[in-house]
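Here is final_33.txt, consisting of compact mmCIF, C-alpha atoms and all ligand atoms:
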```
# COMPACT_ATOMS: atom_id res chain seq x y z
CA MET A 1 -16.07 -6.43 30.50
CA SER A 2 -13.90 -9.53 30.58
CA GLN A 3 -10.91 -8.25 28.62
CA PRO A 4 -9.91 -5.15 26.68
CA THR A 5 -10.13 -5.62 22.90
CA ARG A 6 -9.53 -2.12 21.56
CA PHE A 7 -6.24 -0.29 22.12
CA THR A 8 -6.26 3.41 21.38
CA LEU A 9 -3.68 6.16 21.61
CA THR A 10 -4.28 9.91 21.82
CA GLN A 11 -3.59 12.64 19.27
CA ALA A 12 -0.35 13.49 21.09
CA ASP A 13 0.85 9.94 20.33
CA ILE A 14 0.82 10.45 16.54
CA PRO A 15 4.44 9.66 15.58
CA THR A 16 6.71 12.67 15.07
CA GLN A 17 9.12 10.86 12.75
CA TRP A 18 9.01 8.39 9.88
CA TYR A 19 11.30 5.35 10.04
CA ASN A 20 13.62 4.67 7.09
CA VAL A 21 14.49 0.97 6.78
CA LEU A 22 17.38 1.83 4.41
CA ALA A 23 19.36 2.89 7.49
CA ASP A 24 19.33 -0.65 8.90
CA LEU A 25 19.64 -2.87 5.81
CA PRO A 26 22.49 -5.39 6.15
CA GLU A 27 23.25 -4.86 2.42
CA PRO A 28 22.51 -1.61 0.55
CA LEU A 29 19.65 -1.46 -1.94
CA PRO A 30 20.73 -1.64 -5.62
CA PRO A 31 20.25 1.89 -7.07
CA PRO A 32 17.56 2.80 -9.62
CA LEU A 33 18.92 3.04 -13.19
CA HIS A 34 18.23 5.61 -15.91
CA PRO A 35 15.83 4.05 -18.49
CA GLY A 36 18.01 5.27 -21.39
CA THR A 37 21.63 5.01 -20.22
CA LYS A 38 21.09 2.09 -17.78
CA GLN A 39 23.48 3.90 -15.38
CA PRO A 40 22.55 4.77 -11.76
CA ILE A 41 20.21 7.73 -11.99
CA PRO A 42 21.43 10.96 -10.33
CA PRO A 43 18.86 12.12 -7.73
CA GLU A 44 18.59 15.52 -9.50
CA ALA A 45 17.13 13.73 -12.53
CA LEU A 46 14.18 12.61 -10.40
CA GLN A 47 13.35 16.28 -9.77
CA ALA A 48 11.76 16.39 -13.24
CA ILE A 49 8.78 14.59 -11.71
CA PHE A 50 9.16 14.88 -7.90
CA PRO A 51 9.84 17.86 -5.59
CA GLU A 52 13.28 18.08 -3.97
CA GLN A 53 12.22 16.96 -0.48
CA ILE A 54 10.56 13.83 -1.84
CA VAL A 55 13.67 13.02 -3.89
CA ARG A 56 15.77 13.53 -0.76
CA GLN A 57 13.58 11.08 1.14
CA GLU A 58 13.69 8.62 -1.75
CA VAL A 59 17.48 8.29 -1.65
CA SER A 60 18.15 8.99 2.03
CA THR A 61 19.69 6.48 4.42
CA GLU A 62 18.93 8.63 7.47
CA ARG A 63 17.13 6.46 10.06
CA TRP A 64 14.46 8.92 11.22
CA MET A 65 12.85 11.80 9.34
CA ALA A 66 10.74 14.47 11.02
CA ILE A 67 7.04 14.57 10.12
CA PRO A 68 6.14 18.25 9.50
CA GLU A 69 3.53 19.61 11.93
CA PRO A 70 0.99 20.47 9.15
CA VAL A 71 1.11 16.79 8.09
CA ARG A 72 0.62 15.59 11.68
CA GLU A 73 -2.32 17.98 11.99
CA VAL A 74 -4.02 16.38 8.99
CA TYR A 75 -3.12 12.90 10.31
CA ALA A 76 -5.06 13.88 13.44
CA LEU A 77 -8.29 13.72 11.39
CA TRP A 78 -8.09 9.91 11.75
CA ARG A 79 -4.79 8.98 13.47
CA PRO A 80 -3.81 7.26 15.64
CA THR A 81 -5.86 4.44 14.11
CA PRO A 82 -7.17 1.78 16.49
CA LEU A 83 -5.59 -1.61 17.17
CA LEU A 84 -8.15 -4.29 17.96
CA ARG A 85 -8.09 -7.87 19.14
CA ALA A 86 -10.38 -10.05 17.01
CA VAL A 87 -11.78 -12.18 19.85
CA ARG A 88 -14.94 -13.14 17.95
CA LEU A 89 -12.86 -14.34 15.01
CA GLU A 90 -10.66 -16.31 17.44
CA GLN A 91 -13.78 -17.92 18.93
CA ALA A 92 -15.21 -18.79 15.52
CA LEU A 93 -11.92 -20.47 14.59
CA GLN A 94 -11.70 -22.15 18.03
CA THR A 95 -8.06 -21.21 18.05
CA PRO A 96 -5.78 -20.57 21.01
CA ALA A 97 -4.11 -17.88 18.84
CA HIS A 98 -4.57 -14.22 19.77
CA ILE A 99 -5.35 -12.19 16.65
CA TYR A 100 -4.72 -8.42 16.55
CA TYR A 101 -5.31 -6.00 13.69
CA LYS A 102 -4.36 -2.41 12.96
CA TYR A 103 -7.30 -0.72 11.27
CA GLU A 104 -6.21 1.67 8.51
CA GLY A 105 -9.70 1.71 6.99
CA ALA A 106 -10.50 4.37 9.60
CA SER A 107 -9.14 7.10 7.29
CA PRO A 108 -11.59 9.35 5.35
CA ALA A 109 -10.68 7.66 2.05
CA GLY A 110 -11.00 4.21 3.66
CA SER A 111 -7.41 2.97 3.37
CA HIS A 112 -3.81 3.50 4.49
CA LYS A 113 -3.00 5.35 1.24
CA VAL A 114 -3.86 8.78 2.68
CA ASN A 115 -0.82 8.52 5.00
CA THR A 116 1.50 9.14 2.07
CA ALA A 117 -0.91 11.23 -0.04
CA VAL A 118 -1.00 13.89 2.67
CA ALA A 119 2.80 13.97 2.97
CA GLN A 120 3.30 14.15 -0.80
CA ALA A 121 0.74 16.93 -1.24
CA TYR A 122 2.38 18.89 1.59
CA PHE A 123 5.97 18.64 0.22
CA ASN A 124 4.71 19.57 -3.24
CA ARG A 125 2.87 22.62 -1.98
CA GLU A 126 5.98 23.72 -0.07
CA ALA A 127 7.99 23.39 -3.30
CA GLY A 128 5.55 25.58 -5.25
CA THR A 129 3.85 22.79 -7.22
CA ARG A 130 0.33 23.75 -8.26
CA ARG A 131 -0.90 20.60 -9.97
CA LEU A 132 -0.35 16.86 -9.36
CA ALA A 133 -0.83 14.09 -11.92
CA THR A 134 -1.28 10.47 -10.93
CA GLU A 135 -2.83 7.16 -11.92
CA THR A 136 -5.29 4.97 -10.11
CA GLY A 137 -6.59 1.44 -10.61
CA ALA A 138 -9.71 0.75 -8.61
CA GLY A 139 -9.57 4.29 -7.22
CA GLN A 140 -8.18 3.98 -3.67
CA TRP A 141 -5.01 5.89 -4.48
CA GLY A 142 -6.78 8.49 -6.63
CA ALA A 143 -9.29 9.13 -3.85
CA SER A 144 -6.53 9.49 -1.25
CA LEU A 145 -4.57 11.95 -3.37
CA ALA A 146 -7.74 13.87 -4.29
CA LEU A 147 -8.43 14.45 -0.59
CA ALA A 148 -4.82 15.38 0.20
CA CYS A 149 -4.66 17.83 -2.74
CA ARG A 150 -7.89 19.45 -1.58
CA LEU A 151 -6.53 19.88 1.95
CA PHE A 152 -3.30 21.51 0.68
CA GLY A 153 -4.84 23.53 -2.18
CA LEU A 154 -3.43 21.64 -5.20
CA GLU A 155 -5.13 20.66 -8.46
CA CYS A 156 -5.37 16.88 -8.87
CA ASN A 157 -5.48 15.07 -12.24
CA VAL A 158 -6.12 11.35 -12.10
CA TYR A 159 -5.72 8.83 -14.93
CA MET A 160 -8.04 6.01 -13.95
CA VAL A 161 -7.74 2.58 -15.62
CA LYS A 162 -10.64 2.59 -18.07
CA VAL A 163 -12.20 -0.72 -17.01
CA SER A 164 -12.37 0.53 -13.39
CA TYR A 165 -13.66 3.95 -14.48
CA GLY A 166 -16.67 2.12 -15.91
CA GLN A 167 -17.04 -0.55 -13.22
CA LYS A 168 -16.22 1.46 -10.06
CA PRO A 169 -18.17 4.72 -10.40
CA TYR A 170 -18.33 5.39 -6.65
CA ARG A 171 -14.61 5.94 -6.18
CA ARG A 172 -14.62 8.23 -9.23
CA MET A 173 -17.47 10.19 -7.59
CA LEU A 174 -15.48 10.31 -4.35
CA MET A 175 -12.48 11.78 -6.20
CA GLU A 176 -14.73 14.32 -7.93
CA THR A 177 -16.41 15.21 -4.64
CA TRP A 178 -12.97 16.13 -3.29
CA GLY A 179 -12.41 18.22 -6.44
CA ALA A 180 -10.16 16.03 -8.62
CA THR A 181 -10.42 15.71 -12.41
CA VAL A 182 -10.62 12.06 -13.45
CA HIS A 183 -9.79 10.79 -16.97
CA PRO A 184 -10.39 7.22 -18.19
CA SER A 185 -7.02 5.76 -19.30
CA PRO A 186 -5.96 5.29 -22.09
CA SER A 187 -7.10 8.85 -22.77
CA ASP A 188 -6.88 11.35 -25.63
CA LEU A 189 -4.83 13.71 -23.45
CA THR A 190 -1.44 12.11 -23.98
CA GLU A 191 0.51 10.92 -26.98
CA TYR A 192 0.89 7.46 -25.46
CA GLY A 193 -2.87 7.23 -24.75
CA ARG A 194 -3.73 8.34 -28.31
CA LYS A 195 -1.32 5.76 -29.73
CA LEU A 196 -2.92 2.94 -27.73
CA ARG A 197 -6.43 4.07 -28.64
CA ALA A 198 -5.55 4.17 -32.32
CA ALA A 199 -4.28 0.60 -32.09
CA ASP A 200 -7.25 -0.61 -30.01
CA PRO A 201 -10.22 1.75 -29.47
CA HIS A 202 -11.62 -0.65 -26.83
CA SER A 203 -8.44 -0.98 -24.76
CA ALA A 204 -9.41 -1.61 -21.12
CA GLY A 205 -6.20 0.03 -19.89
CA SER A 206 -3.94 -1.08 -17.05
CA LEU A 207 -2.09 0.47 -14.13
CA GLY A 208 1.18 0.43 -16.11
CA VAL A 209 -0.47 2.34 -18.97
CA ALA A 210 -2.06 4.88 -16.61
CA ILE A 211 1.34 5.52 -14.94
CA SER A 212 2.84 6.22 -18.38
CA GLU A 213 0.05 8.72 -19.11
CA ALA A 214 0.41 10.49 -15.74
CA ILE A 215 4.20 10.85 -16.22
CA GLU A 216 3.74 12.22 -19.75
CA ASP A 217 1.14 14.68 -18.40
CA THR A 218 3.65 15.77 -15.72
CA VAL A 219 6.55 16.50 -18.02
CA LYS A 220 4.33 18.34 -20.53
CA HIS A 221 2.58 20.71 -18.07
CA PRO A 222 4.06 23.64 -16.12
CA ASN A 223 4.06 23.58 -12.28
CA THR A 224 3.04 19.92 -12.38
CA LYS A 225 4.59 17.00 -10.52
CA TYR A 226 3.86 13.31 -10.41
CA SER A 227 2.73 11.36 -7.40
CA LEU A 228 2.91 7.60 -6.82
CA GLY A 229 0.86 5.69 -4.24
CA SER A 230 3.13 2.71 -3.56
CA VAL A 231 6.42 0.93 -4.42
CA LEU A 232 8.94 3.79 -3.94
CA ASN A 233 11.06 4.24 -0.81
CA HIS A 234 9.47 7.55 0.21
CA VAL A 235 5.97 6.02 0.03
CA CYS A 236 6.94 3.08 2.25
CA LEU A 237 8.66 5.59 4.57
CA HIS A 238 5.47 7.65 5.02
CA GLN A 239 3.49 4.52 5.88
CA THR A 240 5.70 3.67 8.89
CA VAL A 241 3.40 5.66 11.19
CA ILE A 242 1.29 2.46 11.13
CA GLY A 243 3.91 0.16 12.64
CA GLN A 244 5.18 2.75 15.14
CA GLU A 245 1.67 3.14 16.54
CA ALA A 246 1.13 -0.63 16.50
CA ILE A 247 4.28 -1.25 18.59
CA ARG A 248 2.93 1.04 21.32
CA GLN A 249 -0.56 -0.47 21.09
CA MET A 250 0.73 -4.04 21.36
CA ALA A 251 2.56 -2.90 24.50
CA LEU A 252 -0.77 -1.57 25.83
CA ALA A 253 -2.25 -5.00 25.10
CA GLY A 254 0.67 -6.53 27.02
CA GLU A 255 1.61 -8.89 24.18
CA GLU A 256 4.33 -9.34 21.56
CA PRO A 257 3.28 -10.42 18.06
CA GLU A 258 5.02 -13.59 16.88
CA VAL A 259 3.93 -13.30 13.26
CA ILE A 260 3.07 -10.07 11.41
CA PHE A 261 1.09 -10.09 8.14
CA GLY A 262 0.33 -7.55 5.44
CA CYS A 263 -1.08 -7.89 1.93
CA VAL A 264 1.19 -6.71 -0.88
CA GLY A 265 0.33 -4.91 -4.11
CA GLY A 266 3.25 -2.51 -4.44
CA GLY A 267 4.25 -3.20 -0.83
CA SER A 268 3.46 0.02 1.04
CA ASN A 269 0.89 -1.00 3.67
CA PHE A 270 2.95 -4.10 4.42
CA ALA A 271 6.08 -1.95 4.76
CA GLY A 272 4.20 0.53 6.93
CA LEU A 273 3.27 -2.07 9.52
CA ALA A 274 6.30 -4.34 9.20
CA PHE A 275 9.35 -2.06 8.90
CA PRO A 276 9.21 -0.61 12.46
CA PHE A 277 9.01 -4.20 13.81
CA LEU A 278 11.74 -5.31 11.39
CA ARG A 279 13.97 -2.57 12.81
CA LEU A 280 13.79 -4.40 16.14
CA ASN A 281 14.76 -7.68 14.41
CA LEU A 282 17.76 -5.93 12.85
CA THR A 283 18.87 -3.88 15.86
CA ALA A 284 17.40 -5.36 19.07
CA ASN A 285 17.53 -9.17 18.64
CA LYS A 286 13.78 -9.53 18.22
CA ARG A 287 12.53 -12.41 16.08
CA TYR A 288 9.24 -11.36 14.63
CA ARG A 289 8.24 -13.48 11.62
CA ILE A 290 7.06 -11.11 8.90
CA VAL A 291 4.84 -12.40 6.08
CA ALA A 292 3.83 -10.63 2.84
CA VAL A 293 0.62 -12.00 1.32
CA GLU A 294 -0.25 -11.74 -2.37
CA PRO A 295 -2.84 -13.13 -4.83
CA THR A 296 -1.97 -16.31 -6.73
CA ALA A 297 -3.26 -14.48 -9.83
CA CYS A 298 -0.50 -11.83 -9.54
CA PRO A 299 2.30 -13.72 -7.74
CA THR A 300 5.08 -11.14 -7.86
CA LEU A 301 7.06 -12.31 -4.79
CA THR A 302 6.30 -16.05 -4.97
CA LYS A 303 6.73 -16.55 -8.76
CA GLY A 304 8.36 -13.37 -10.10
CA GLU A 305 12.00 -12.80 -10.97
CA LEU A 306 14.32 -10.44 -9.08
CA ARG A 307 15.78 -8.12 -11.74
CA TYR A 308 15.76 -4.55 -13.01
CA ASP A 309 12.41 -3.65 -14.60
CA PHE A 310 10.30 -0.61 -15.42
CA GLY A 311 7.52 0.54 -13.10
CA ASP A 312 5.19 1.34 -16.03
CA THR A 313 4.24 -0.23 -19.35
CA ALA A 314 5.74 2.35 -21.74
CA GLY A 315 9.19 2.21 -20.10
CA LEU A 316 9.31 5.86 -18.95
CA THR A 317 10.19 5.23 -15.28
CA PRO A 318 13.63 4.52 -13.88
CA LEU A 319 14.55 0.83 -13.80
CA LEU A 320 14.05 -0.61 -10.32
CA MET A 321 15.67 -3.76 -8.89
CA MET A 322 12.57 -5.66 -7.80
CA TYR A 323 10.62 -8.89 -8.01
CA THR A 324 8.60 -8.53 -11.21
CA LEU A 325 6.30 -10.47 -13.50
CA GLY A 326 7.49 -8.27 -16.40
CA HIS A 327 6.32 -4.72 -17.10
CA ASP A 328 3.99 -5.93 -19.88
CA PHE A 329 2.32 -8.53 -17.59
CA MET A 330 -1.47 -8.10 -17.66
CA PRO A 331 -2.85 -9.50 -14.42
CA PRO A 332 -6.24 -11.23 -14.61
CA PRO A 333 -9.16 -9.04 -13.39
CA ILE A 334 -9.32 -10.24 -9.77
CA HIS A 335 -11.35 -8.19 -7.29
CA ALA A 336 -8.38 -7.05 -5.23
CA GLY A 337 -7.56 -4.33 -7.79
CA GLY A 338 -4.90 -2.85 -5.52
CA LEU A 339 -2.87 -6.08 -5.68
CA ARG A 340 -2.76 -6.24 -9.50
CA TYR A 341 0.71 -4.78 -10.04
CA HIS A 342 3.56 -6.46 -11.93
CA GLY A 343 6.33 -5.22 -9.64
CA MET A 344 7.08 -4.79 -5.93
CA ALA A 345 8.73 -2.19 -3.72
CA PRO A 346 12.54 -2.52 -4.08
CA THR A 347 12.84 -2.51 -0.26
CA VAL A 348 10.33 -5.37 0.15
CA SER A 349 12.01 -7.27 -2.73
CA HIS A 350 15.46 -6.82 -1.16
CA LEU A 351 14.26 -8.02 2.26
CA LEU A 352 12.75 -11.15 0.72
CA LYS A 353 15.99 -11.85 -1.15
CA LEU A 354 17.91 -11.50 2.12
CA GLY A 355 15.54 -13.94 3.85
CA LEU A 356 14.39 -11.31 6.34
CA ILE A 357 10.70 -11.65 5.39
CA GLU A 358 8.52 -14.42 3.90
CA ALA A 359 5.90 -14.46 1.13
CA GLN A 360 2.67 -16.45 0.67
CA ALA A 361 0.05 -16.47 -2.13
CA PHE A 362 -3.66 -17.40 -2.04
CA HIS A 363 -6.56 -17.77 -4.50
CA GLN A 364 -9.35 -15.19 -4.28
CA THR A 365 -12.16 -17.72 -3.59
CA ALA A 366 -10.41 -18.83 -0.39
CA VAL A 367 -9.62 -15.21 0.45
CA PHE A 368 -13.28 -14.19 0.21
CA GLU A 369 -14.30 -17.06 2.53
CA SER A 370 -12.04 -15.56 5.19
CA ALA A 371 -13.22 -12.01 4.35
CA ALA A 372 -16.86 -13.03 4.90
CA LEU A 373 -15.96 -14.81 8.15
CA PHE A 374 -14.19 -11.66 9.35
CA ALA A 375 -17.16 -9.42 8.43
CA ARG A 376 -19.55 -11.80 10.21
CA THR A 377 -17.49 -11.98 13.40
CA GLU A 378 -15.72 -8.60 13.71
CA GLY A 379 -18.24 -6.48 11.80
CA ILE A 380 -15.86 -4.61 9.48
CA VAL A 381 -16.22 -5.55 5.81
CA PRO A 382 -12.58 -5.80 4.72
CA ALA A 383 -11.19 -4.49 1.42
CA PRO A 384 -10.53 -7.48 -0.88
CA GLU A 385 -6.83 -6.55 -0.77
CA ALA A 386 -6.68 -6.65 3.04
CA ALA A 387 -8.63 -9.91 3.00
CA HIS A 388 -5.49 -11.61 1.67
CA ALA A 389 -3.76 -10.81 4.97
CA ILE A 390 -6.83 -12.03 6.88
CA HIS A 391 -6.78 -15.33 5.02
CA ALA A 392 -3.11 -15.89 5.83
CA VAL A 393 -3.84 -15.13 9.50
CA VAL A 394 -6.74 -17.59 9.51
CA GLN A 395 -4.43 -20.33 8.15
CA GLU A 396 -1.86 -19.57 10.88
CA ALA A 397 -4.57 -19.55 13.55
CA LEU A 398 -5.79 -22.96 12.35
CA ARG A 399 -2.22 -24.31 12.53
CA ALA A 400 -2.04 -22.96 16.09
CA ARG A 401 -5.22 -24.94 16.86
CA GLU A 402 -3.69 -28.12 15.39
CA ALA A 403 -0.55 -27.60 17.47
CA ASP A 404 -2.61 -26.50 20.49
CA GLN A 405 -0.30 -23.50 20.90
CA LYS A 406 -1.06 -19.91 21.75
CA ARG A 407 0.41 -17.72 19.02
CA VAL A 408 0.08 -13.95 18.88
CA LEU A 409 -0.70 -12.77 15.36
CA LEU A 410 -0.91 -9.22 14.03
CA PHE A 411 -2.08 -7.97 10.64
CA ASN A 412 -2.73 -4.74 8.82
CA LEU A 413 -6.40 -4.26 7.91
CA SER A 414 -5.35 -1.83 5.19
CA GLY A 415 -8.84 -0.71 4.20
CA HIS A 416 -12.58 -1.33 4.38
CA GLY A 417 -14.55 -2.84 1.53
CA LEU A 418 -17.68 -0.68 1.56
CA LEU A 419 -16.99 0.45 -2.01
CA ASP A 420 -16.20 -3.14 -3.06
CA LEU A 421 -19.60 -4.61 -2.31
CA SER A 422 -20.12 -5.73 -5.90
CA ALA A 423 -17.21 -8.12 -5.37
CA TYR A 424 -18.97 -9.43 -2.26
CA GLU A 425 -22.16 -9.85 -4.29
CA THR A 426 -20.27 -11.98 -6.80
CA TYR A 427 -18.95 -14.04 -3.90
CA LEU A 428 -22.37 -14.36 -2.24
CA LYS A 429 -23.95 -15.53 -5.50
CA GLY A 430 -21.29 -18.24 -5.75
CA LYS A 431 -19.94 -16.74 -8.97
CA LEU A 432 -16.42 -15.96 -7.82
CA ALA A 433 -13.78 -17.79 -9.84
CA ASP A 434 -10.02 -18.28 -9.53
CA ALA A 435 -7.82 -17.10 -12.38
C1 LIG B 501 -3.85 -0.06 -2.66
C2 LIG B 501 -4.21 -0.95 -1.57
C3 LIG B 501 -3.40 -2.05 -1.22
C4 LIG B 501 -2.16 -2.43 -1.99
O1 LIG B 501 -1.15 -1.47 -2.04
P1 LIG B 501 0.17 -1.57 -1.16
O2 LIG B 501 1.03 -0.48 -1.65
O3 LIG B 501 0.76 -2.92 -1.40
O4 LIG B 501 -0.23 -1.38 0.24
C5 LIG B 501 -3.76 -2.83 -0.14
N1 LIG B 501 -4.89 -2.58 0.56
C6 LIG B 501 -5.71 -1.54 0.24
C7 LIG B 501 -6.94 -1.34 1.03
C8 LIG B 501 -5.39 -0.70 -0.83
O5 LIG B 501 -6.19 0.32 -1.13
```
Can you dump the structure from the file as C-alpha cells?
Amino acid sequence: MSQPTRFTLTQADIPTQWYNVLADLPEPLPPPLHPGTKQPIPPEALQAIFPEQIVRQEVSTERWMAIPEPVREVYALWRPTPLLRAVRLEQALQTPAHIYYKYEGASPAGSHKVNTAVAQAYFNREAGTRRLATETGAGQWGASLALACRLFGLECNVYMVKVSYGQKPYRRMLMETWGATVHPSPSDLTEYGRKLRAADPHSAGSLGVAISEAIEDTVKHPNTKYSLGSVLNHVCLHQTVIGQEAIRQMALAGEEPEVIFGCVGGGSNFAGLAFPFLRLNLTANKRYRIVAVEPTACPTLTKGELRYDFGDTAGLTPLLMMYTLGHDFMPPPIHAGGLRYHGMAPTVSHLLKLGLIEAQAFHQTAVFESAALFARTEGIVPAPEAAHAIHAVVQEALRAREADQKRVLLFNLSGHGLLDLSAYETYLKGKLADA
C-alpha cells in the first residue's frame, strides 16, 4: 500500500477525562438567567430537571473531568472512532490539500450524540433517576438516548416533532427497538401540547415545542429528569472525547490540521472536535483555524443576534446568552433536521464573539452535491448535517488548488445518512430546493 489512510487507536486509548473549555476562556461565559426573575440562576434550581453531577458539570470551570469507568466501558462498544484520510476525495477534487475526517457515524445509533447520551444516562442512574424525558427532531438524539437508557436500565420517553414522526418512521422504530416510548409532539400528554392542539389540530410541531413538552413531563412526574442532546456546557463537554482522540490520530498521521470544520445545529459535535484543538490555541500558541458550518436556511451564527433567549418555544428554560434567530423562529423544513435550531451553544456563541472561531453558511443544494461526491469517492453516505462540513471542506480544498498550496484539513463526519436516504432520493431526482 502506498500510504496509510486509516488511523486507529486501541480501547486503552479511549480518553479518561473530558475537557472543559470554560477553564481556558479569556473572558468568562455570561451566566444563564432565571426565566421569571431574569437574575443569574442558582445551580440548585437546575436540579429540578437535571441530576446533581450534571449540574456540577454544567457550571464547572475545572479543566479536566474524569470519565467514569462504566461510561468508558460503553464507549468501548464503538470508541475510539477511526480517523481517515479522504484520498479519493482529494483525487476527485485534484487538490493538493490533505483531507482528514473523524468518523462519529461508527456509533450504534449512527452519530456522535451517543457520547453524551451514555454519560447522561449513567449520571442519572447514579442519582436514582428512573425515567428520562426528552425531545427529538429527526430522531438522532432520541435514538441515542433510547440506547443509553436501555444500557443503564432507565425508562425513556421521547417527544418527537410530529412532522418527523410521520416522515421518519425508521428512527422511531429504532427508538422503540431499544425500548423507548415515543410520542408525536404536540401531544395530549402535556398542558402545553393540549393548548397547541386546541389552537391548531394539524400543528406540525417543532423542536422548541417538543422541548417544552419534555420539560413539563419532567416536572410533573416522580423520579423523572430531563435530558438535552446539544447546546448546554455539559453536552459539549462530553463530546470532547472526539477531539482528544483526533489529536492523537493526527499525530499518528504525522500531520497538523490547519483548518478544522464541524457542522453546527446546537454546536455539540463541532465543540467535541474543536475544543481540544482550541485549548492548544489558547494555551500552547497553536494557530488552528476553526470553522463552524451552518445551513443558510437556519443561519444562527452568520445572521442571528447575540443576546439572552430561551432554549424552547414556551419560555420554560433558563435564558441563555447565545446567537439566536428568536425562540419563535420556525426554520424551513430542510433535510438536515439536526441543524434546524434557533439557538446555539453559549460556549460556541462566546467563542465566535471573541473571534476565536469562524462561521460559514451554505445552501442545501450545494451541500448535497458535496455529500454525493463524498459518498461516491469515500463510500460513506454522510448525514445531511455532516454534509455541511464536507461542503465547507470541499470549498477550502478548491481554494488550495487555486493557490497551488498543500493545506491540511480536518472535519467531523458527525453521522452517516443511511436513515436519510429519502433526502438523497429528492436530491437524485433533481427536486431539492433552497429555502
Ligand atoms: C444532531 C446532529 C447534528 C447537530 O447537532 P450538534 O449538537 O450541532 O452537533 C449534526 N450531525 C448529526 C449527524 C446529528 O445527528
Might I get the box with edges along x, y and z of the file that holds all atoms of ligand LIG 501 (chain B) listed there, padded by 8 Å on every side, given as centre and edge lengths in Å to one decimal, as lines of an AutoDock Vina configuration file?
```
center_x = -3.0
center_y = -1.3
center_z = -0.8
size_x = 24.0
size_y = 19.2
size_z = 19.7
```
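Take CA of Tyr100 (chain A) and CA of Val87 (chain A): the distance between them is 8.7 Å.
Between CA of His363 (chain A) and CA of Ile260 (chain A) the interatomic distance comes to 20.1 Å.
Nearest to Pro32 (chain A) of all the residues A:Leu421, A:Ile334, A:Leu147, A:Leu320 is A:Leu320, based on all atoms listed in the file.
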For this session: Pick out the residues sitting within 12 Å of Val219 (chain A), and hand them over as a PyMOL selection string; count all atoms listed in the file, and ignore anything fewer than 4 positions along from it in its own chain.
Result: chain A and resi 46-50+131-133+190+212-215+223-226+316
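You can rank A:Leu409, A:Val71, A:Ala121, A:Ala97 by their closest distance to Thr16 (chain A) using only C-alpha atoms, and at the top of that list sits A:Val71.
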Exercise. Pick from A:Val408, A:Ile242, A:Leu306, A:Ala45: nearest to Phe275 (chain A), with only C-alpha atoms counted?
Worked result: A:Ile242
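For His202 (chain A), the non-local neighbours within 12 Å, defined as residues at least 2 positions apart in the same chain or in other chains and counting only C-alpha atoms, are Lys162, Val163, Pro184, Ser185, Pro186, Ser187, Gly193, Leu196, Arg197, Ala198, Ala199, Asp200, Ala204 and Gly205 of chain A.
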